[in-house]
Amino acid sequence: MEWEADWIWRSRRVRVNDFAYFRKEILAKGKVASARLFYSAHNVAKVYLNGVKLGGYVSPAPTNPLKRKAYMAYDVSALLTEGSNCITADAHYLGGSGQNYYNALPGLRLQLHVVYEDGSETVVKSDSSWQVLKEMPHAVGTPYQQNRRVSAIEDYDARKLDPNWRLAGWRKNGATTRAKLAKIGRKDWPMSVQRIPEGAIEEVIACAKLPQPAVNDESRERPQVFDTGRIVSGWPRISLKGIAGAKIRLRMSEDLDENGRVKHNVTNEHSDYYYDEYTMRGDEVETWQPDFSFKAFRYVEVTGYPEEIEPNNGGVSVCLAYTNMNYAGSFNCSDPHLNALYDACIRTQKNNTLGQTVDCPHREQAQYTADTDLQAESLLYNFDAIDVLEKTLGDFTDAQMADGTFPFVAPINYEHADFNLQIPEWDLHYATLMWKVYEASGSVSVLETHYETARRMADYFIGILDPVSGMVPLDKGWNISDWPYPSVEHKGQFLTVQQVKFVLALRAVSQAAGLIGRAEEGEKYQAYAERLSVRIVEQLYDAEKKRFRDSSESEATHQGVNAIALYAELVPAEDREEVIAYVAGKAWECRTVLSLPLLRMLFENDREAEAFALLDRREYPGWGYMIEQGAKTMWEGWEDIESHSHAWNGYPARLLQEYVVGIRSEAPGFSKAVIRPYMPESLSFAEAEVWTPLGTIYAGWERLADGAGIRIRARIPAGMEARVSLKLAGRTMERNLITGDNEIIEIIESAT
């Protein structure tokens with residue numbers, strides 16, 4: 001797409017939390033054969049053609065515009081009519097050096113390509129001829145809603161927007177002025193069409209009305225509180241009888257205070273500003289939603305509306321919105337608790353995927369490599385998420401520093417003192433995330449696109465290897481072995497988890513190099529991985545205790561440290577079974593980050609019972625404890641303290657599908673699969689569907705009613721080789737599966 005349009009704004013002045021309302025009437029001089037509209041904005045915009053809103057929500061997705069500015073593309077042939085037409089756009093600029101975007105500069109850029117039936121063409125471009133509304137419905141400069149300044153209060157006065165503004169023929173003397181060319185030059189920002197789906201409303205949730213909160217007799221706020229029943233990412237929606245001049249405040253939170261009112265907080269951080277406001281015009285019914293950004297909450301408190309809002313009549317609802325990825329996964333079994341755990345994981349993942357993969361959808365909305373690497377487990381089994389995860393990789397490529405390291409999140413206003421931070425272990429997750437996306441997609445282009453970034457990152461850590469120990473020393477940034485509230489001991493210059501993660505990263509870079517025709521580089525990185533593996537064992541493994549120490553000057557031998565070393569196959573072969581027994585027998589010490597390699601290691605080393613016991617555990621600590629406490633989304637950690645919708649704790653969904661049902665990939669792109677279930681005595685059946693590039697694969701097992709055997713069902717998409725591997729009493733049964741929907745295998749034997 002060749003861009004000819006200018007970047008425009010309402011003035012040359014840069015203001016934080018600014019809005020601009022644009023309008024352009026155009027004349028279609030004949031019958032339209034086709035029409036394509038393209039636009040971009042910084043930060044986001046909503047575009048309308050003849051009053052019809054185009055596309056989804058919170059678009060374009062955030063990027064570093066100096067490296068790559070996303071633009072949207074729409075076929076508008078059906079909306080453009082012969083004669084007069086009207087384009088309007090409402091754009092929003094944040095500006096305030098927040099955590100999850102780049103300040104850059106405000107602007108809108110739009111281009112419409114029209115082809116007429118007679119073959120002639122015309123191009124409509126944003127420029128200084130466009131109208132700008134002088135008095136906008138959105139207030140400018142409103143406070144930020146969170147401490148990290150990721151979204152701003154929407155303060156919207158419906159009286160200030162004429163209902164006919166978006167239609168051709170609207171006229172009002174003195175209401176508009178001319179757009180100004182933005183400070184962004186035409187060639188300043190490289191433009192790239194947005195590959196990921198836009199934000200979409202998946203569900204509009206009817207809210208239950210709660211009892212009237214206790215209020216001061218002198219208060220005129222008239223609080224009315226509504227409950228969605230779970231934490232939802234998106235925005236509230238009101239649809240109420242209009243009362244001219246009534247200013248309604250919608251305050252949101254995960255929590256209520258002791259009086260039954262919505263708390264002034266964003267998870268564990270205080271905020272007086274987690275609300276949006278709407279001033280009514282006085283129409284018979286007025287519907288509004290603050291959807292320039294997303295928030296996450298369970299409760300909505302309405303103040304300022306002078307009438308009673310009837311319960312269950314749609315007056316207050318909540319829109320669940322996330323990036324419109326195809327959701328193709330499922331899990332179901334005979335235990336309602338495990339079903340609830342799976343559902344909570346999926347809800348949490350949806351809550352944390354709108355424009356980017358974020359850690360939590362309220363406090364930070366920030367994209368971390370480690371968080372995304374953990375999220376990728378369930379994303380890649382349940383959603384068509386390849387493009388979303390490639391965007392994460394691309395965002396960190398765009399943020400990569402000259403030395404090869406990364407900011408702790410991206411996109412980010414890294415220069416701001418609040419966010420000038422790095423996490424060395426998180427850098428290493430870039431390579432393992434890249435490899436996961438390749439394995440799920442089967443596309444070498446993933447490696448071709450992202451290898452160079454991973455190589456530069458690996459070269460940085462190679463460059464700082466200690467000349468004596470041969471290991472990675474403590475360097476810049478904040479080191480994390482496990483999180484949150486970890487118990488891994490950091491003593492001395494060399495942390496065991498960091499060394500192991502570097503080995504895993506080097507292996508991923510080496511394998512990637514080999515697949516993209518850079519064999520010599522692949523051999524180099526493999527050699528570094530092997531040398532580092534030797535040095536780790538020599539200096540961090542206690543051969544007498546047969547344990548890895550947490551760090552170079554620590555005597556502690558944390559369960560998770562040894563689990564990840566086993567997962568990476570660094571434990572000496574002669575000691576492996578003893579170390580596995582040690583890890584399996586210890587009380588659960590791991591937090592979110594190290595629990596994934598812990599469970600994978602156990603499932604892959606004939607310790608399925610111990611692994612399943614952790615998945616199925618109902619008491620503290622563990623995921624099941626959250627469910628037992630009534631949670632419908634996953635918390636940040638085991639404690640009921642901080643975020644209650646944290647997507648990095650969503651990977652149990654994948655573990656249930658991959659190990660309990662047994663759907664496992666045996667080749668990139670799921671071209672080969674095996675159904676190898678673990679069937680605990682506590683379950684009578686389990687079944688799942690898993691997304692693959694070839695189509696959805698289904699598998700399920702059930703115990704026959706008379707106890708005589710196991711029935712396996714599988715549905716295999718075309719192009720996939722698949723087999724069943726089932727542990728029976730004293731032997732393993734294997735059978736090949738054929739393509740089809742109803743392939744059934746019956747085992748008429750006693751099965752365990």
# chains A, B, ... in the order shown; residues from 1 in each chain; ligands from 1
>>> closest_atom_pairs(of="stretch 559-582 of chain A", to="stretch 492-496 of chain A", cutoff="10 Å", atoms="only C-alpha atoms", output="tab-separated table")
residue	atom	partner	partner_atom	distance
A:Val561	CA	A:Thr496	CA	6.9
A:Asn562	CA	A:Thr496	CA	9.1
A:Ile564	CA	A:Thr496	CA	9.5
A:Ala565	CA	A:Thr496	CA	8.5
>>> write_last_selection(atoms="N, CA and C atoms", output="mmCIF file, in the first residue's frame")
data_model
loop_
_atom_site.group_PDB
_atom_site.id
_atom_site.type_symbol
_atom_site.label_atom_id
_atom_site.label_comp_id
_atom_site.auth_asym_id
_atom_site.auth_seq_id
_atom_site.Cartn_x
_atom_site.Cartn_y
_atom_site.Cartn_z
ATOM 1 N N VAL A 561 14.580 -25.182 41.212
ATOM 2 C CA VAL A 561 15.908 -25.121 40.597
ATOM 3 C C VAL A 561 16.282 -26.489 40.054
ATOM 4 N N ASN A 562 16.030 -27.522 40.824
ATOM 5 C CA ASN A 562 16.352 -28.876 40.380
ATOM 6 C C ASN A 562 15.377 -29.366 39.315
ATOM 7 N N ILE A 564 13.933 -27.489 36.927
ATOM 8 C CA ILE A 564 14.285 -26.924 35.629
ATOM 9 C C ILE A 564 15.595 -27.512 35.120
ATOM 10 N N ALA A 565 16.509 -27.868 36.029
ATOM 11 C CA ALA A 565 17.741 -28.541 35.606
ATOM 12 C C ALA A 565 17.436 -29.926 35.043
#
>>> closest_atom_pairs(of="stretch 294-398 of chain A", to="stretch 449-469 of chain A", cutoff="10 Å", atoms="only C-alpha atoms", output="Markdown table")
| residue | atom | partner | partner_atom | distance |
| --- | --- | --- | --- | --- |
| A:Glu390 | CA | A:His450 | CA | 8.6 |
| A:Leu393 | CA | A:His450 | CA | 7.1 |
| A:Gly394 | CA | A:His450 | CA | 7.5 |
| A:Phe396 | CA | A:Thr453 | CA | 8.4 |
| A:Thr397 | CA | A:Thr453 | CA | 5.9 |
| A:Asp398 | CA | A:Thr453 | CA | 9.3 |
>>> write_last_selection(atoms="C-alpha atoms", output="compact mmCIF listing (two decimals), in the first residue's frame")
# COMPACT_ATOMS: atom_id res chain seq x y z
CA GLU A 390 4.56 -13.21 16.41
CA LEU A 393 8.21 -11.23 19.15
CA GLY A 394 8.09 -8.30 16.73
CA PHE A 396 10.52 -6.93 21.33
CA THR A 397 12.53 -6.84 18.11
CA ASP A 398 11.46 -3.22 17.76
>>> closest_residue(among="A:Ala70, A:Ala714, A:Val503, A:Leu566", to="A:Val674", atoms="only C-alpha atoms")
A:Ala714
>>> residues_around(residues="A:Pro597", least_positions_apart="2", cutoff="12 Å", atoms="only C-alpha atoms", output="PyMOL selection string")
chain A and resi 374+377+482+497+500-501+504+559-569+583+590-595+599-605+611+651-652+655
>>> select_by_dssp(residues="stretch 76-228 of chain A", states="strand (DSSP E)", output="PDB file with C-alpha atoms, in the first residue's frame")
ATOM      1  CA  GLY A  83     -23.405  10.680  -4.453  1.00  0.00           C
ATOM      2  CA  SER A  84     -22.495  12.259  -1.118  1.00  0.00           C
ATOM      3  CA  ASN A  85     -20.805  10.223   1.605  1.00  0.00           C
ATOM      4  CA  CYS A  86     -19.248  11.097   4.942  1.00  0.00           C
ATOM      5  CA  ILE A  87     -16.149   9.806   6.726  1.00  0.00           C
ATOM      6  CA  THR A  88     -15.702  10.608  10.414  1.00  0.00           C
ATOM      7  CA  ALA A  89     -12.960   9.541  12.788  1.00  0.00           C
ATOM      8  CA  ASP A  90     -12.600   9.931  16.554  1.00  0.00           C
ATOM      9  CA  ALA A  91      -8.945   9.657  17.583  1.00  0.00           C
ATOM     10  CA  HIS A  92      -7.328   9.415  21.005  1.00  0.00           C
ATOM     11  CA  TYR A  93      -3.740  10.158  22.034  1.00  0.00           C
ATOM     12  CA  GLY A 107      -2.091  11.842  14.609  1.00  0.00           C
ATOM     13  CA  LEU A 108      -4.645  10.273  12.276  1.00  0.00           C
ATOM     14  CA  ARG A 109      -3.884   9.003   8.791  1.00  0.00           C
ATOM     15  CA  LEU A 110      -6.616   7.799   6.429  1.00  0.00           C
ATOM     16  CA  GLN A 111      -6.798   6.856   2.774  1.00  0.00           C
ATOM     17  CA  LEU A 112      -9.795   5.651   0.745  1.00  0.00           C
ATOM     18  CA  HIS A 113      -9.306   3.967  -2.638  1.00  0.00           C
ATOM     19  CA  VAL A 114     -12.418   3.906  -4.847  1.00  0.00           C
ATOM     20  CA  VAL A 115     -12.806   2.070  -8.167  1.00  0.00           C
ATOM     21  CA  TYR A 116     -15.910   2.868 -10.212  1.00  0.00           C
ATOM     22  CA  GLU A 121     -10.439   5.540  -9.761  1.00  0.00           C
ATOM     23  CA  THR A 122     -10.152   8.134  -7.051  1.00  0.00           C
ATOM     24  CA  VAL A 123      -8.197   8.397  -3.816  1.00  0.00           C
ATOM     25  CA  VAL A 124      -9.406  10.313  -0.759  1.00  0.00           C
ATOM     26  CA  LYS A 125      -6.601  11.335   1.611  1.00  0.00           C
ATOM     27  CA  GLN A 131     -12.966  19.350   9.319  1.00  0.00           C
ATOM     28  CA  VAL A 132     -12.207  19.178  13.034  1.00  0.00           C
ATOM     29  CA  LEU A 133     -14.892  19.605  15.667  1.00  0.00           C
ATOM     30  CA  ASP A 155     -15.327  11.978  30.268  1.00  0.00           C
ATOM     31  CA  TYR A 156     -17.956  12.147  27.514  1.00  0.00           C
ATOM     32  CA  ASP A 157     -20.686  14.782  27.137  1.00  0.00           C
ATOM     33  CA  THR A 176     -15.542  23.202  13.007  1.00  0.00           C
ATOM     34  CA  THR A 177     -12.113  24.320  11.989  1.00  0.00           C
ATOM     35  CA  ARG A 178      -9.538  22.907   9.580  1.00  0.00           C
ATOM     36  CA  LYS A 180      -3.604  20.750  10.976  1.00  0.00           C
ATOM     37  CA  LEU A 181      -0.780  18.700   9.563  1.00  0.00           C
ATOM     38  CA  MET A 191       3.655   1.588   7.950  1.00  0.00           C
ATOM     39  CA  SER A 192       2.707  -2.081   8.272  1.00  0.00           C
ATOM     40  CA  VAL A 193      -0.757  -3.603   7.911  1.00  0.00           C
ATOM     41  CA  GLY A 199     -10.505  -6.367  19.497  1.00  0.00           C
ATOM     42  CA  ALA A 200     -14.028  -7.751  19.429  1.00  0.00           C
ATOM     43  CA  ILE A 201     -16.897  -8.044  21.879  1.00  0.00           C
ATOM     44  CA  GLU A 202     -17.349 -11.747  22.548  1.00  0.00           C
ATOM     45  CA  GLU A 203     -20.135 -11.440  25.067  1.00  0.00           C
ATOM     46  CA  VAL A 204     -22.345  -8.797  26.633  1.00  0.00           C
ATOM     47  CA  ILE A 205     -22.809  -9.875  30.239  1.00  0.00           C
ATOM     48  CA  ALA A 206     -25.949  -8.921  32.112  1.00  0.00           C
ATOM     49  CA  ALA A 208     -26.770  -8.576  38.766  1.00  0.00           C
ATOM     50  CA  LYS A 209     -27.749  -5.623  40.920  1.00  0.00           C
ATOM     51  CA  GLN A 224     -26.046   1.602  42.539  1.00  0.00           C
ATOM     52  CA  VAL A 225     -23.683  -1.387  42.370  1.00  0.00           C
ATOM     53  CA  PHE A 226     -23.673  -4.160  39.779  1.00  0.00           C
ATOM     54  CA  ASP A 227     -21.844  -7.488  39.692  1.00  0.00           C
ATOM     55  CA  THR A 228     -20.717  -9.409  36.583  1.00  0.00           C
TER      56      THR A 228
END
>>> residues_around(residues="A:Pro190", least_positions_apart="3", cutoff="8 Å", atoms="only C-alpha atoms", output="PDB file with C-alpha atoms, in the first residue's frame")
ATOM      1  CA  PRO A  65       5.755   3.674  15.606  1.00  0.00           C
ATOM      2  CA  LEU A  66       9.356   4.657  14.935  1.00  0.00           C
ATOM      3  CA  LYS A  67       9.956   1.051  13.868  1.00  0.00           C
ATOM      4  CA  ARG A  68       6.532  -0.162  12.753  1.00  0.00           C
ATOM      5  CA  LYS A  69       3.180   1.610  12.812  1.00  0.00           C
ATOM      6  CA  LYS A 187       7.836   9.144   5.931  1.00  0.00           C
TER       7      LYS A 187
END
>>> residues_around(residues="stretch 538-550 of chain A", least_positions_apart="3", cutoff="7 Å", atoms="only C-alpha atoms", output="tab-separated table (two decimals) with C-alpha atoms, in the first residue's frame")
chain	number	residue	atom	x	y	z
A	488	VAL	CA	14.90	-19.37	45.50
A	489	GLU	CA	18.05	-18.06	47.20
A	490	HIS	CA	20.13	-15.52	45.27
A	495	LEU	CA	22.22	-17.91	39.61
A	496	THR	CA	21.41	-21.48	38.61
A	534	VAL	CA	29.40	-28.65	31.69
A	535	ARG	CA	30.34	-25.56	33.71
A	554	SER	CA	23.99	-20.77	48.37
A	555	GLU	CA	23.59	-24.12	50.07
A	556	ALA	CA	19.84	-24.19	49.37
A	557	THR	CA	18.60	-26.78	46.87
A	558	HIS	CA	15.21	-25.48	45.79
A	561	VAL	CA	15.91	-25.12	40.60
A	562	ASN	CA	16.35	-28.88	40.38
A	575	ASP	CA	21.97	-39.31	39.50
A	579	VAL	CA	17.09	-36.14	41.80
>>> residues_around(residues="A:Arg298", least_positions_apart="4", cutoff="8 Å", atoms="only C-alpha atoms", output="PyMOL selection string")
chain A and resi 227-232+252-255
>>> atom_distance(atom1="atom CA of A:Lys632", atom2="atom CA of A:His644")
9.0 Å
